[in-house]
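Data block for work.csv (CSV, C-alpha atoms):
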```csv
chain,number,residue,atom,x,y,z
U,434,MET,CA,20.8,-8.3,22.9
U,435,LYS,CA,17.9,-10.7,23.4
U,436,ARG,CA,16.5,-12.1,20.2
U,437,PRO,CA,12.8,-12.1,19.6
U,438,ARG,CA,11.1,-15.3,20.4
U,439,CYS,CA,10.9,-17.6,17.4
U,440,ALA,CA,11.4,-21.3,16.9
U,441,LYS,CA,14.0,-21.1,14.2
U,442,LEU,CA,16.8,-18.7,13.8
U,443,VAL,CA,18.3,-18.8,10.4
U,444,PRO,CA,21.0,-17.9,9.9
U,445,MET,CA,22.0,-19.2,13.3
U,446,LEU,CA,24.1,-16.9,15.6
U,447,VAL,CA,26.2,-18.7,18.2
U,448,GLU,CA,29.0,-17.9,20.5
U,449,THR,CA,30.8,-21.2,20.1
U,450,LEU,CA,31.0,-23.9,17.5
U,451,THR,CA,30.4,-26.6,20.1
U,452,VAL,CA,26.6,-26.5,19.5
U,453,ASP,CA,24.8,-29.8,20.1
U,454,ALA,CA,22.5,-31.5,17.6
U,455,ALA,CA,19.3,-30.3,19.3
U,456,ALA,CA,20.4,-26.6,19.1
U,457,PHE,CA,21.6,-27.1,15.5
U,458,HIS,CA,18.1,-28.4,14.6
U,459,GLU,CA,16.5,-25.5,16.4
U,460,GLY,CA,18.8,-23.0,14.7
U,461,THR,CA,18.9,-24.4,11.2
U,462,GLY,CA,15.9,-26.6,10.7
U,463,TRP,CA,18.2,-29.6,10.0
U,464,GLU,CA,17.6,-32.5,12.3
U,465,ILE,CA,20.4,-35.0,13.0
U,466,LYS,CA,19.1,-38.5,12.5
U,467,PRO,CA,20.8,-41.9,12.1
U,468,GLU,CA,20.6,-41.4,8.3
U,469,GLY,CA,22.2,-38.0,8.4
U,470,ALA,CA,21.1,-34.4,8.6
U,471,CYS,CA,17.5,-34.2,7.5
U,472,LYS,CA,15.0,-31.5,6.6
U,473,GLY,CA,11.6,-32.6,5.3
U,474,ASP,CA,12.0,-35.4,2.8
U,475,VAL,CA,15.7,-34.7,2.3
U,476,CYS,CA,18.6,-36.3,4.3
U,477,VAL,CA,22.3,-35.6,3.7
U,478,PRO,CA,24.5,-38.4,5.1
U,479,LEU,CA,27.1,-37.5,7.7
U,480,PRO,CA,29.7,-40.2,7.5
U,481,ASP,CA,31.7,-38.8,10.4
U,482,GLY,CA,28.6,-38.1,12.6
U,483,TYR,CA,27.6,-34.7,13.8
U,484,ASP,CA,29.6,-31.8,14.9
U,485,LEU,CA,28.8,-28.2,13.8
U,486,SER,CA,31.8,-27.6,11.6
U,487,SER,CA,31.7,-30.8,9.6
U,488,THR,CA,27.9,-30.8,9.3
U,489,ALA,CA,27.9,-27.2,8.1
U,490,GLU,CA,30.5,-28.1,5.5
U,491,ARG,CA,28.5,-31.2,4.3
U,492,LEU,CA,25.4,-29.0,3.9
U,493,GLY,CA,27.3,-26.2,2.3
U,494,MET,CA,26.5,-23.7,5.1
U,495,ALA,CA,29.0,-20.8,5.4
U,496,VAL,CA,30.3,-20.1,8.9
U,497,VAL,CA,31.3,-16.5,9.4
U,498,HIS,CA,33.2,-15.5,12.5
U,499,ASP,CA,33.1,-12.0,14.0
U,500,GLU,CA,35.9,-12.1,16.5
U,501,ALA,CA,35.2,-8.7,18.0
U,502,ALA,CA,31.6,-9.5,18.6
U,503,GLY,CA,32.4,-13.0,19.8
U,504,LEU,CA,29.9,-14.5,17.4
U,505,TYR,CA,29.7,-17.1,14.6
U,506,ALA,CA,26.9,-16.9,12.0
U,507,VAL,CA,25.9,-20.1,10.3
U,508,GLY,CA,24.3,-19.4,6.9
U,509,PRO,CA,21.7,-21.5,5.2
U,510,GLU,CA,22.5,-24.7,3.3
U,511,THR,CA,23.7,-24.6,-0.3
U,512,PHE,CA,24.6,-28.3,-1.0
U,513,ASN,CA,22.1,-28.5,-4.0
U,514,GLY,CA,22.9,-25.0,-5.2
U,515,ARG,CA,19.3,-23.8,-4.8
U,516,ALA,CA,17.4,-21.9,-2.1
U,517,LEU,CA,15.0,-24.9,-1.8
U,518,ALA,CA,16.4,-28.3,-0.9
U,519,SER,CA,13.1,-29.9,-1.9
U,520,ALA,CA,9.6,-28.9,-2.9
U,521,GLU,CA,8.3,-29.9,0.5
U,522,ALA,CA,7.5,-26.6,2.2
U,523,PRO,CA,9.9,-26.0,5.1
U,524,GLU,CA,8.4,-25.2,8.4
U,525,LEU,CA,8.0,-21.5,9.0
U,526,VAL,CA,7.3,-20.3,12.5
U,527,LEU,CA,6.7,-16.6,13.0
U,528,ASP,CA,4.9,-14.4,15.4
U,529,ASP,CA,2.0,-12.1,14.6
U,530,LEU,CA,1.7,-8.5,15.9
U,531,ASP,CA,0.4,-9.7,19.2
U,532,GLY,CA,3.2,-12.1,19.8
U,533,ASN,CA,1.2,-15.2,19.0
U,534,THR,CA,3.3,-17.9,17.3
U,535,PHE,CA,2.0,-19.2,14.0
U,536,ARG,CA,3.2,-22.3,12.2
U,537,LEU,CA,2.9,-22.6,8.4
U,538,SER,CA,2.3,-26.3,8.8
U,539,SER,CA,-1.0,-25.6,10.6
U,540,LEU,CA,-2.5,-24.7,7.2
U,541,ARG,CA,-2.0,-28.2,5.8
U,542,GLY,CA,-5.2,-29.3,4.0
U,543,LYS,CA,-5.6,-25.8,2.5
U,544,LYS,CA,-4.0,-24.1,-0.4
U,545,VAL,CA,-1.6,-21.4,0.8
U,546,VAL,CA,-0.6,-18.2,-1.0
U,547,LEU,CA,2.4,-17.1,1.1
U,548,VAL,CA,3.1,-13.4,0.4
U,549,ALA,CA,6.2,-11.5,1.6
U,550,TRP,CA,5.9,-7.7,1.8
U,551,ALA,CA,7.5,-4.9,3.6
U,552,PRO,CA,6.3,-1.6,5.1
U,553,TYR,CA,9.5,0.2,4.3
X,449,MET,CA,12.0,-2.3,9.0
X,450,SER,CA,11.4,-5.2,11.4
X,451,ASP,CA,9.8,-3.2,14.2
X,452,PRO,CA,6.2,-4.5,14.5
X,453,GLU,CA,5.0,-0.8,14.7
X,454,ALA,CA,6.2,-0.3,11.1
X,455,SER,CA,3.7,-2.8,9.8
X,456,ARG,CA,0.9,-2.5,12.4
X,457,PRO,CA,-0.9,0.4,10.7
X,458,PHE,CA,-1.1,-1.4,7.4
X,459,ILE,CA,-2.2,-4.7,8.9
X,460,GLU,CA,-4.8,-3.0,11.1
X,461,ALA,CA,-6.1,-1.0,8.2
X,462,ALA,CA,-6.5,-4.0,5.9
X,463,ASN,CA,-7.8,-6.1,8.8
X,464,PRO,CA,-7.3,-9.3,6.8
X,465,THR,CA,-8.8,-12.7,7.7
X,466,HIS,CA,-5.5,-14.4,7.0
X,467,PRO,CA,-2.6,-14.4,9.4
X,468,SER,CA,-0.1,-11.5,9.1
X,469,LEU,CA,3.3,-12.5,10.5
X,470,LEU,CA,6.5,-10.6,11.3
X,471,ASP,CA,9.8,-11.9,9.8
X,472,PRO,CA,12.6,-9.9,11.5
X,473,HIS,CA,15.3,-12.4,10.5
X,474,HIS,CA,14.3,-12.6,6.8
X,475,GLU,CA,13.4,-16.3,7.2
X,476,MET,CA,11.4,-16.0,4.0
X,477,ASP,CA,14.7,-15.5,2.3
X,478,THR,CA,16.7,-18.3,3.9
X,479,LEU,CA,13.9,-20.8,3.8
X,480,PHE,CA,12.2,-19.9,0.5
X,481,GLY,CA,14.6,-17.7,-1.4
X,482,VAL,CA,12.7,-14.4,-1.2
X,483,ILE,CA,15.2,-11.7,-2.3
X,484,ASN,CA,12.7,-8.9,-3.2
X,485,ILE,CA,9.2,-7.9,-2.1
X,486,PRO,CA,6.5,-8.4,-2.9
X,487,ASN,CA,7.1,-12.1,-3.5
X,488,VAL,CA,4.6,-15.0,-3.5
X,489,VAL,CA,5.0,-18.7,-2.9
X,490,TRP,CA,2.2,-21.2,-3.7
X,491,ILE,CA,1.9,-24.2,-1.4
X,492,ASP,CA,-0.7,-27.0,-2.0
X,493,GLU,CA,-2.9,-28.8,0.4
X,494,SER,CA,-0.2,-31.5,1.1
X,495,GLY,CA,2.4,-28.9,2.0
X,496,THR,CA,4.2,-29.1,-1.4
X,497,ILE,CA,5.4,-25.9,-3.0
X,498,VAL,CA,4.0,-25.7,-6.5
X,499,ARG,CA,5.5,-22.3,-7.4
X,500,PRO,CA,8.7,-21.0,-5.8
X,501,ALA,CA,9.1,-17.4,-4.7
X,502,GLU,CA,8.3,-15.0,-7.5
X,503,PRO,CA,7.1,-11.4,-7.9
X,504,GLY,CA,3.3,-11.1,-7.5
X,505,TRP,CA,0.7,-8.5,-6.8
X,506,PRO,CA,-3.0,-7.9,-6.6
X,507,PRO,CA,-4.3,-6.2,-9.8
X,508,GLY,CA,-3.9,-2.4,-10.1
X,509,ASP,CA,-7.5,-1.5,-9.4
X,510,TYR,CA,-6.8,-2.4,-5.8
X,511,TYR,CA,-4.2,0.4,-5.6
X,512,PRO,CA,-4.8,3.9,-4.4
X,513,ASP,CA,-5.1,6.4,-7.3
X,514,PHE,CA,-1.8,8.1,-6.7
X,515,LEU,CA,0.0,4.7,-6.8
X,516,ARG,CA,-1.8,3.6,-9.9
X,517,ALA,CA,-1.0,6.9,-11.6
X,518,PHE,CA,2.7,6.6,-10.6
X,519,LEU,CA,3.0,3.1,-11.9
X,520,ASP,CA,1.2,3.8,-15.1
X,521,GLU,CA,3.5,6.7,-15.8
X,522,ARG,CA,6.6,4.7,-14.9
X,523,ASP,CA,5.5,1.8,-17.1
X,524,ALA,CA,4.8,4.2,-20.0
X,525,ALA,CA,8.2,5.8,-19.7
X,526,ALA,CA,9.9,2.3,-19.6
X,527,GLU,CA,8.0,1.2,-22.7
X,528,ALA,CA,8.9,4.4,-24.5
X,529,LYS,CA,12.6,3.7,-23.7
X,530,ALA,CA,12.3,0.1,-24.7
X,531,ALA,CA,10.7,1.1,-28.0
X,532,GLU,CA,13.4,3.7,-28.6
X,533,ILE,CA,16.3,1.2,-28.1
X,534,ALA,CA,14.7,-1.9,-29.5
X,535,ALA,CA,16.7,-1.8,-32.7
X,536,THR,CA,20.1,-0.8,-31.2
X,537,ASP,CA,20.0,-2.7,-27.9
X,538,PRO,CA,17.4,-5.5,-28.2
X,539,GLU,CA,18.8,-7.3,-25.0
X,540,LEU,CA,18.1,-4.3,-22.8
X,541,ALA,CA,14.8,-3.6,-24.4
X,542,ALA,CA,13.8,-7.2,-23.6
X,543,LYS,CA,14.9,-6.8,-20.0
X,544,ILE,CA,12.9,-3.6,-19.7
X,545,ARG,CA,9.9,-5.4,-21.1
X,546,GLY,CA,10.6,-8.6,-19.0
X,547,GLY,CA,8.9,-7.7,-15.8
X,548,GLN,CA,6.1,-9.7,-14.1
X,549,ASP,CA,2.7,-8.5,-15.2
X,550,ARG,CA,1.0,-6.8,-12.2
X,551,ASP,CA,-2.6,-6.9,-13.5
X,552,SER,CA,-2.9,-10.6,-14.4
X,553,TYR,CA,-0.9,-12.3,-11.6
X,554,ALA,CA,-4.0,-12.8,-9.4
X,555,ASP,CA,-5.7,-14.6,-12.3
X,556,ALA,CA,-3.0,-17.2,-12.2
X,557,ILE,CA,-3.8,-17.8,-8.6
X,558,ARG,CA,-7.5,-18.0,-9.4
X,559,ASP,CA,-6.7,-20.6,-12.1
X,560,TRP,CA,-4.9,-22.7,-9.5
X,561,VAL,CA,-7.7,-22.4,-7.0
X,562,GLU,CA,-10.1,-23.6,-9.6
X,563,HIS,CA,-8.1,-26.4,-11.3
X,564,GLY,CA,-5.7,-27.4,-8.5
X,565,ALA,CA,-2.9,-29.7,-9.7
X,566,ASP,CA,-4.3,-29.5,-13.2
X,567,SER,CA,-3.6,-25.7,-13.4
X,568,ARG,CA,-1.1,-24.9,-16.1
X,569,PHE,CA,0.7,-22.8,-13.5
X,570,VAL,CA,1.5,-25.7,-11.2
X,571,MET,CA,5.1,-26.8,-11.4
X,572,SER,CA,6.5,-30.2,-10.7
X,573,PRO,CA,8.7,-30.7,-7.5
X,574,ASP,CA,11.9,-30.7,-9.7
X,575,GLU,CA,10.8,-27.6,-11.5
X,576,VAL,CA,10.1,-25.9,-8.2
X,577,VAL,CA,13.5,-26.6,-6.8
X,578,ALA,CA,15.2,-25.6,-10.0
X,579,GLY,CA,13.1,-22.5,-10.2
X,580,SER,CA,14.0,-21.3,-6.7
X,581,GLN,CA,16.9,-18.9,-6.3
X,582,ASP,CA,20.3,-20.2,-7.1
X,583,ARG,CA,22.4,-20.5,-3.9
X,584,PRO,CA,26.1,-21.0,-4.1
X,585,LEU,CA,28.2,-21.0,-0.9
X,586,ASP,CA,28.8,-17.3,-1.3
X,587,LYS,CA,25.1,-16.6,-0.8
X,588,SER,CA,25.1,-18.6,2.4
X,589,ALA,CA,28.0,-16.4,3.6
X,590,GLY,CA,26.0,-13.3,2.5
X,591,ALA,CA,23.1,-14.5,4.7
X,592,ALA,CA,25.4,-15.0,7.6
X,593,HIS,CA,26.9,-11.5,7.3
X,594,PHE,CA,23.4,-10.1,7.0
X,595,GLU,CA,22.3,-11.7,10.2
X,596,LEU,CA,25.4,-10.4,12.0
X,597,ALA,CA,24.8,-7.0,10.6
X,598,ASN,CA,21.2,-6.9,11.9
X,599,HIS,CA,22.3,-8.2,15.3
X,600,LEU,CA,25.1,-5.6,15.6
X,601,TRP,CA,22.9,-2.8,14.4
X,602,ASN,CA,20.3,-3.7,17.1
X,603,ALA,CA,23.1,-3.8,19.6
X,604,GLY,CA,24.2,-0.3,18.6
X,605,GLU,CA,27.5,-1.4,17.0
X,606,ARG,CA,27.0,0.8,13.9
X,607,GLU,CA,30.4,0.5,12.2
X,608,ALA,CA,30.6,-3.2,12.7
X,609,ALA,CA,27.1,-3.5,11.4
X,610,PHE,CA,27.9,-1.5,8.3
X,611,ALA,CA,30.9,-3.7,7.5
X,612,HIS,CA,28.7,-6.8,7.6
X,613,PHE,CA,25.9,-5.2,5.6
X,614,ARG,CA,28.5,-4.3,2.9
X,615,GLU,CA,29.7,-7.9,2.8
X,616,ALA,CA,26.2,-9.1,2.6
X,617,HIS,CA,25.5,-6.7,-0.3
X,618,ARG,CA,28.8,-7.7,-2.0
X,619,LEU,CA,28.0,-11.5,-1.7
X,620,GLN,CA,24.4,-11.2,-2.7
X,621,PRO,CA,24.2,-8.1,-5.0
X,622,GLU,CA,20.8,-9.2,-6.4
X,623,ASN,CA,19.2,-9.4,-3.0
X,624,TRP,CA,17.1,-6.2,-2.7
X,625,THR,CA,15.8,-7.0,0.8
X,626,TYR,CA,19.3,-7.0,2.1
X,627,LYS,CA,20.0,-3.7,0.5
X,628,ARG,CA,16.8,-2.0,1.3
X,629,GLN,CA,17.0,-3.1,4.9
X,630,ALA,CA,20.4,-1.5,5.3
X,631,TRP,CA,19.4,1.6,3.3
X,632,SER,CA,16.1,2.1,5.2
X,633,LEU,CA,17.8,1.8,8.6
X,634,VAL,CA,20.3,4.5,7.8
X,635,GLY,CA,18.0,6.6,5.6
X,636,ASN,CA,15.3,6.6,8.3
X,637,GLU,CA,17.8,7.8,10.8
X,638,ALA,CA,19.1,10.6,8.5
X,639,ALA,CA,15.6,11.7,7.8
X,640,GLY,CA,14.8,11.9,11.5
X,641,GLY,CA,12.4,9.0,11.5
X,642,GLY,CA,8.7,9.8,11.4
X,643,GLU,CA,6.1,8.1,9.3
X,644,LEU,CA,8.0,8.5,6.1
X,645,GLY,CA,11.6,8.3,7.2
X,646,ARG,CA,12.1,4.7,6.3
X,647,PHE,CA,11.1,5.3,2.7
X,648,ASN,CA,14.2,7.5,2.5
X,649,GLN,CA,16.6,4.8,1.3
X,650,GLY,CA,19.5,7.0,0.1
X,651,PRO,CA,21.6,9.9,1.3
X,652,LEU,CA,19.9,13.2,1.7
X,653,PRO,CA,21.2,16.0,-0.6
X,654,GLY,CA,24.5,17.2,0.7
X,655,GLN,CA,25.1,14.1,2.9
X,656,GLU,CA,26.4,11.8,0.2
X,657,ASP,CA,29.8,11.5,1.9
X,658,ASP,CA,28.2,10.2,5.1
X,659,TRP,CA,26.4,7.4,3.3
X,660,PRO,CA,28.0,4.1,4.4
X,661,PHE,CA,27.0,1.9,1.5
X,662,GLU,CA,28.0,1.7,-2.1
X,663,GLY,CA,24.5,2.0,-3.6
X,664,ASP,CA,21.2,3.4,-2.6
X,665,PHE,CA,17.6,2.8,-3.7
X,666,PRO,CA,16.9,5.8,-6.0
X,667,SER,CA,20.0,5.2,-8.1
X,668,GLU,CA,20.0,1.4,-8.2
X,669,ALA,CA,16.3,0.8,-8.6
X,670,GLY,CA,16.1,3.6,-11.2
X,671,SER,CA,18.8,1.9,-13.3
X,672,THR,CA,17.5,-1.7,-12.9
X,673,PRO,CA,15.2,-2.9,-15.7
X,674,ALA,CA,11.9,-4.5,-14.6
X,675,GLY,CA,13.1,-7.9,-16.0
X,676,ASP,CA,15.9,-7.8,-13.4
X,677,TYR,CA,14.0,-6.3,-10.6
X,678,TYR,CA,10.7,-8.2,-10.9
X,679,PRO,CA,11.4,-10.9,-13.5
X,680,LYS,CA,8.5,-12.4,-15.3
X,681,THR,CA,8.0,-16.0,-14.3
X,682,LEU,CA,4.5,-16.7,-15.8
X,683,GLU,CA,2.3,-15.6,-18.6
X,684,VAL,CA,-1.4,-15.6,-18.0
```
Conversion result in structure tokens:
Amino acid sequence: MKRPRCAKLVPMLVETLTVDAAAFHEGTGWEIKPEGACKGDVCVPLPDGYDLSSTAERLGMAVVHDEAAGLYAVGPETFNGRALASAEAPELVLDDLDGNTFRLSSLRGKKVVLVAWAPY
Amino acid sequence: MSDPEASRPFIEAANPTHPSLLDPHHEMDTLFGVINIPNVVWIDESGTIVRPAEPGWPPGDYYPDFLRAFLDERDAAAEAKAAEIAATDPELAAKIRGGQDRDSYADAIRDWVEHGADSRFVMSPDEVVAGSQDRPLDKSAGAAHFELANHLWNAGEREAAFAHFREAHRLQPENWTYKRQAWSLVGNEAAGGGELGRFNQGPLPGQEDDWPFEGDFPSEAGSTPAGDYYPKTLEV
């Protein structure tokens, strides 16, 4: 099944654990840099360099395998035990009803009240 | 329900000047720790979160009469119950009375708009991180199962999807969006869809044996005190 267009897919669904750093960044929001895995102002050192399994372990991301479906799901990071790794707002990229992509960061310079609701 | 057509009528009727975005993969949960709706996050001009995800609403005079009446009646019943048990079970009474205040939440936002960083509701970066949802490794696994569940449901793999939903619910029992997503998908189907089908988040009478989940909305929400469902995080 094709997934809707969006820049980040968290948790990330992948068919193989040999995912490169660019795809890991796209899928989890964590960018691999010389200083480690970084999101916003937080970097977690990767002493052994990047590969999905060891990086997920360092960041406290659960990797769940569904063999029948042929999929791995990589959950969000938990290394600091909280939903937020820092107070710096993570980038949120979502589409509106017409399929236009909106980036939370485009509102910098304004106060933002971000409201989650559902039309159950 | 993540289908855009579920939210379209509400967005078009409100016709807001702010953006209204679709979040089919519950990124508000994985990125901000939103485990129930409605939830609100405050972000300042520099992109710093100054209040982590918490329950918040517009004041009650914005609600349609039927909803206001329903909520008033429910709040009165809860208060009567709290008063009745206050002496014998003070802990439960405090939980019943421990919900976020609907009518004053918007005043806290107004205070922030007026006073900015000097508002008494603004939290430090350390307080924001500490005040976000706790997230042990199990919750990451719960999120992974939830994503697999949604993917498999959309692919028509019902039983496989149910198994992952159940794991997500087991690993994150306090996550109402995970539960209500699963309940509304199955409940909607059982009710035959339509405009109100998705509000059916439990088994229909006589179909209890077919319900694939341990809980359902009417029984769980009905037995959850406000302080657990919409915990108070600020006092205006």
What does the distance between atom CA of X:Leu470 and atom CA of X:Leu519 come to in Å, to one decimal place?
27.2 Å
Distance table requested - chain X against chain U, cut-off 8 Å, only C-alpha atoms: one row per qualifying residue with the closest atom pair and its distance in Å to one decimal, ordered by chain and rising residue number, as a tab-separated table.
```
residue	atom	partner	partner_atom	distance
X:Met449	CA	U:Tyr553	CA	5.9
X:Pro452	CA	U:Leu530	CA	6.2
X:Ala454	CA	U:Pro552	CA	6.1
X:Ser455	CA	U:Pro552	CA	5.5
X:Arg456	CA	U:Leu530	CA	7.0
X:Phe458	CA	U:Pro552	CA	7.8
X:Pro467	CA	U:Asp529	CA	7.3
X:Ser468	CA	U:Asp529	CA	5.9
X:Leu469	CA	U:Asp529	CA	4.3
X:Leu470	CA	U:Asp529	CA	5.8
X:Asp471	CA	U:Leu527	CA	6.5
X:His473	CA	U:Val443	CA	7.1
X:Glu475	CA	U:Val443	CA	6.4
X:Met476	CA	U:Ala549	CA	7.3
X:Thr478	CA	U:Pro509	CA	6.1
X:Leu479	CA	U:Pro523	CA	6.7
X:Phe480	CA	U:Ala516	CA	6.1
X:Gly481	CA	U:Ala516	CA	5.1
X:Val482	CA	U:Ala549	CA	7.6
X:Ile485	CA	U:Trp550	CA	5.1
X:Pro486	CA	U:Trp550	CA	4.8
X:Asn487	CA	U:Ala549	CA	5.2
X:Val488	CA	U:Val548	CA	4.5
X:Val489	CA	U:Leu547	CA	5.0
X:Trp490	CA	U:Val546	CA	4.9
X:Ile491	CA	U:Val545	CA	5.0
X:Asp492	CA	U:Lys544	CA	4.7
X:Glu493	CA	U:Gly542	CA	4.3
X:Ser494	CA	U:Arg541	CA	6.0
X:Gly495	CA	U:Ala522	CA	5.6
X:Thr496	CA	U:Glu521	CA	4.6
X:Ile497	CA	U:Ala520	CA	5.2
X:Val498	CA	U:Ala520	CA	7.4
X:Val561	CA	U:Lys544	CA	7.8
X:Pro573	CA	U:Ala520	CA	5.0
X:Asp574	CA	U:Ala520	CA	7.4
X:Val576	CA	U:Ala520	CA	6.1
X:Val577	CA	U:Leu517	CA	5.5
X:Ala578	CA	U:Arg515	CA	6.9
X:Ser580	CA	U:Ala516	CA	5.8
X:Gln581	CA	U:Ala516	CA	5.2
X:Asp582	CA	U:Arg515	CA	4.4
X:Arg583	CA	U:Arg515	CA	4.6
X:Pro584	CA	U:Gly514	CA	5.2
X:Leu585	CA	U:Thr511	CA	5.8
X:Asp586	CA	U:Ala495	CA	7.6
X:Ser588	CA	U:Gly508	CA	4.6
X:Ala589	CA	U:Ala495	CA	4.9
X:Gly590	CA	U:Gly508	CA	7.7
X:Ala591	CA	U:Gly508	CA	5.5
X:Ala592	CA	U:Gly508	CA	4.6
X:His593	CA	U:Val497	CA	7.0
X:Glu595	CA	U:Pro444	CA	6.3
X:Leu596	CA	U:Ala506	CA	6.7
X:His599	CA	U:Met434	CA	7.7
X:Asn602	CA	U:Met434	CA	7.4
X:Ala603	CA	U:Met434	CA	6.0
X:Ser632	CA	U:Tyr553	CA	6.9
X:Arg646	CA	U:Tyr553	CA	5.6
X:Phe647	CA	U:Tyr553	CA	5.6
```
Would you kindly return, as a PyMOL selection string, each protein, DNA or RNA residue with an atom no farther than 12 Å from any atom of X:Glu637, considering all atoms listed in the file and excluding same-chain residues fewer than 6 positions away?
chain X and resi 449+606+630-631+643-652+659
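Computed from the coordinates, the atom CA of U:Val475 to atom CA of U:Val447 distance equals 24.9 Å.
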What is the atom CA of X:Arg522 to atom CA of X:Arg558 distance in Å?
27.3 Å
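Closest approach to X:Ala526 from the set X:Ser552, X:Asn623, X:Ser671, X:Thr681 is made by X:Ser671, with distances taken over all atoms listed in the file.
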Starting from the block above, write stretch 488-503 of chain U out to a file with N, CA and C atoms, as a PDB file, in the first residue's frame, please.
```
ATOM      1  N   THR U 488      22.179   2.315  15.862  1.00  0.00           N
ATOM      2  CA  THR U 488      21.725   3.693  16.088  1.00  0.00           C
ATOM      3  C   THR U 488      20.375   3.684  16.802  1.00  0.00           C
ATOM      4  N   ALA U 489      19.486   2.794  16.369  1.00  0.00           N
ATOM      5  CA  ALA U 489      18.187   2.670  17.035  1.00  0.00           C
ATOM      6  C   ALA U 489      18.395   2.298  18.503  1.00  0.00           C
ATOM      7  N   GLU U 490      19.337   1.424  18.755  1.00  0.00           N
ATOM      8  CA  GLU U 490      19.593   1.018  20.137  1.00  0.00           C
ATOM      9  C   GLU U 490      20.118   2.189  20.967  1.00  0.00           C
ATOM     10  N   ARG U 491      21.052   2.963  20.402  1.00  0.00           N
ATOM     11  CA  ARG U 491      21.602   4.123  21.125  1.00  0.00           C
ATOM     12  C   ARG U 491      20.499   5.131  21.451  1.00  0.00           C
ATOM     13  N   LEU U 492      19.566   5.297  20.510  1.00  0.00           N
ATOM     14  CA  LEU U 492      18.505   6.298  20.698  1.00  0.00           C
ATOM     15  C   LEU U 492      17.318   5.735  21.474  1.00  0.00           C
ATOM     16  N   GLY U 493      17.377   4.451  21.786  1.00  0.00           N
ATOM     17  CA  GLY U 493      16.266   3.839  22.512  1.00  0.00           C
ATOM     18  C   GLY U 493      15.031   3.674  21.652  1.00  0.00           C
ATOM     19  N   MET U 494      15.233   3.392  20.366  1.00  0.00           N
ATOM     20  CA  MET U 494      14.101   3.173  19.455  1.00  0.00           C
ATOM     21  C   MET U 494      13.821   1.681  19.380  1.00  0.00           C
ATOM     22  N   ALA U 495      12.589   1.287  19.654  1.00  0.00           N
ATOM     23  CA  ALA U 495      12.232  -0.131  19.529  1.00  0.00           C
ATOM     24  C   ALA U 495      12.141  -0.490  18.052  1.00  0.00           C
ATOM     25  N   VAL U 496      12.620  -1.662  17.702  1.00  0.00           N
ATOM     26  CA  VAL U 496      12.463  -2.170  16.334  1.00  0.00           C
ATOM     27  C   VAL U 496      11.585  -3.423  16.413  1.00  0.00           C
ATOM     28  N   VAL U 497      10.416  -3.350  15.805  1.00  0.00           N
ATOM     29  CA  VAL U 497       9.457  -4.459  15.843  1.00  0.00           C
ATOM     30  C   VAL U 497       9.373  -5.090  14.463  1.00  0.00           C
ATOM     31  N   HIS U 498       9.505  -6.395  14.415  1.00  0.00           N
ATOM     32  CA  HIS U 498       9.512  -7.108  13.135  1.00  0.00           C
ATOM     33  C   HIS U 498       8.210  -7.879  12.957  1.00  0.00           C
ATOM     34  N   ASP U 499       7.549  -7.683  11.837  1.00  0.00           N
ATOM     35  CA  ASP U 499       6.412  -8.532  11.472  1.00  0.00           C
ATOM     36  C   ASP U 499       6.857  -9.378  10.284  1.00  0.00           C
ATOM     37  N   GLU U 500       7.184 -10.615  10.592  1.00  0.00           N
ATOM     38  CA  GLU U 500       7.777 -11.465   9.567  1.00  0.00           C
ATOM     39  C   GLU U 500       6.799 -11.722   8.428  1.00  0.00           C
ATOM     40  N   ALA U 501       5.536 -11.987   8.786  1.00  0.00           N
ATOM     41  CA  ALA U 501       4.546 -12.306   7.757  1.00  0.00           C
ATOM     42  C   ALA U 501       4.356 -11.138   6.798  1.00  0.00           C
ATOM     43  N   ALA U 502       4.378  -9.920   7.349  1.00  0.00           N
ATOM     44  CA  ALA U 502       4.178  -8.739   6.513  1.00  0.00           C
ATOM     45  C   ALA U 502       5.474  -8.320   5.828  1.00  0.00           C
ATOM     46  N   GLY U 503       6.603  -8.865   6.297  1.00  0.00           N
ATOM     47  CA  GLY U 503       7.891  -8.480   5.721  1.00  0.00           C
ATOM     48  C   GLY U 503       8.260  -7.049   6.052  1.00  0.00           C
TER      49      GLY U 503
END
```
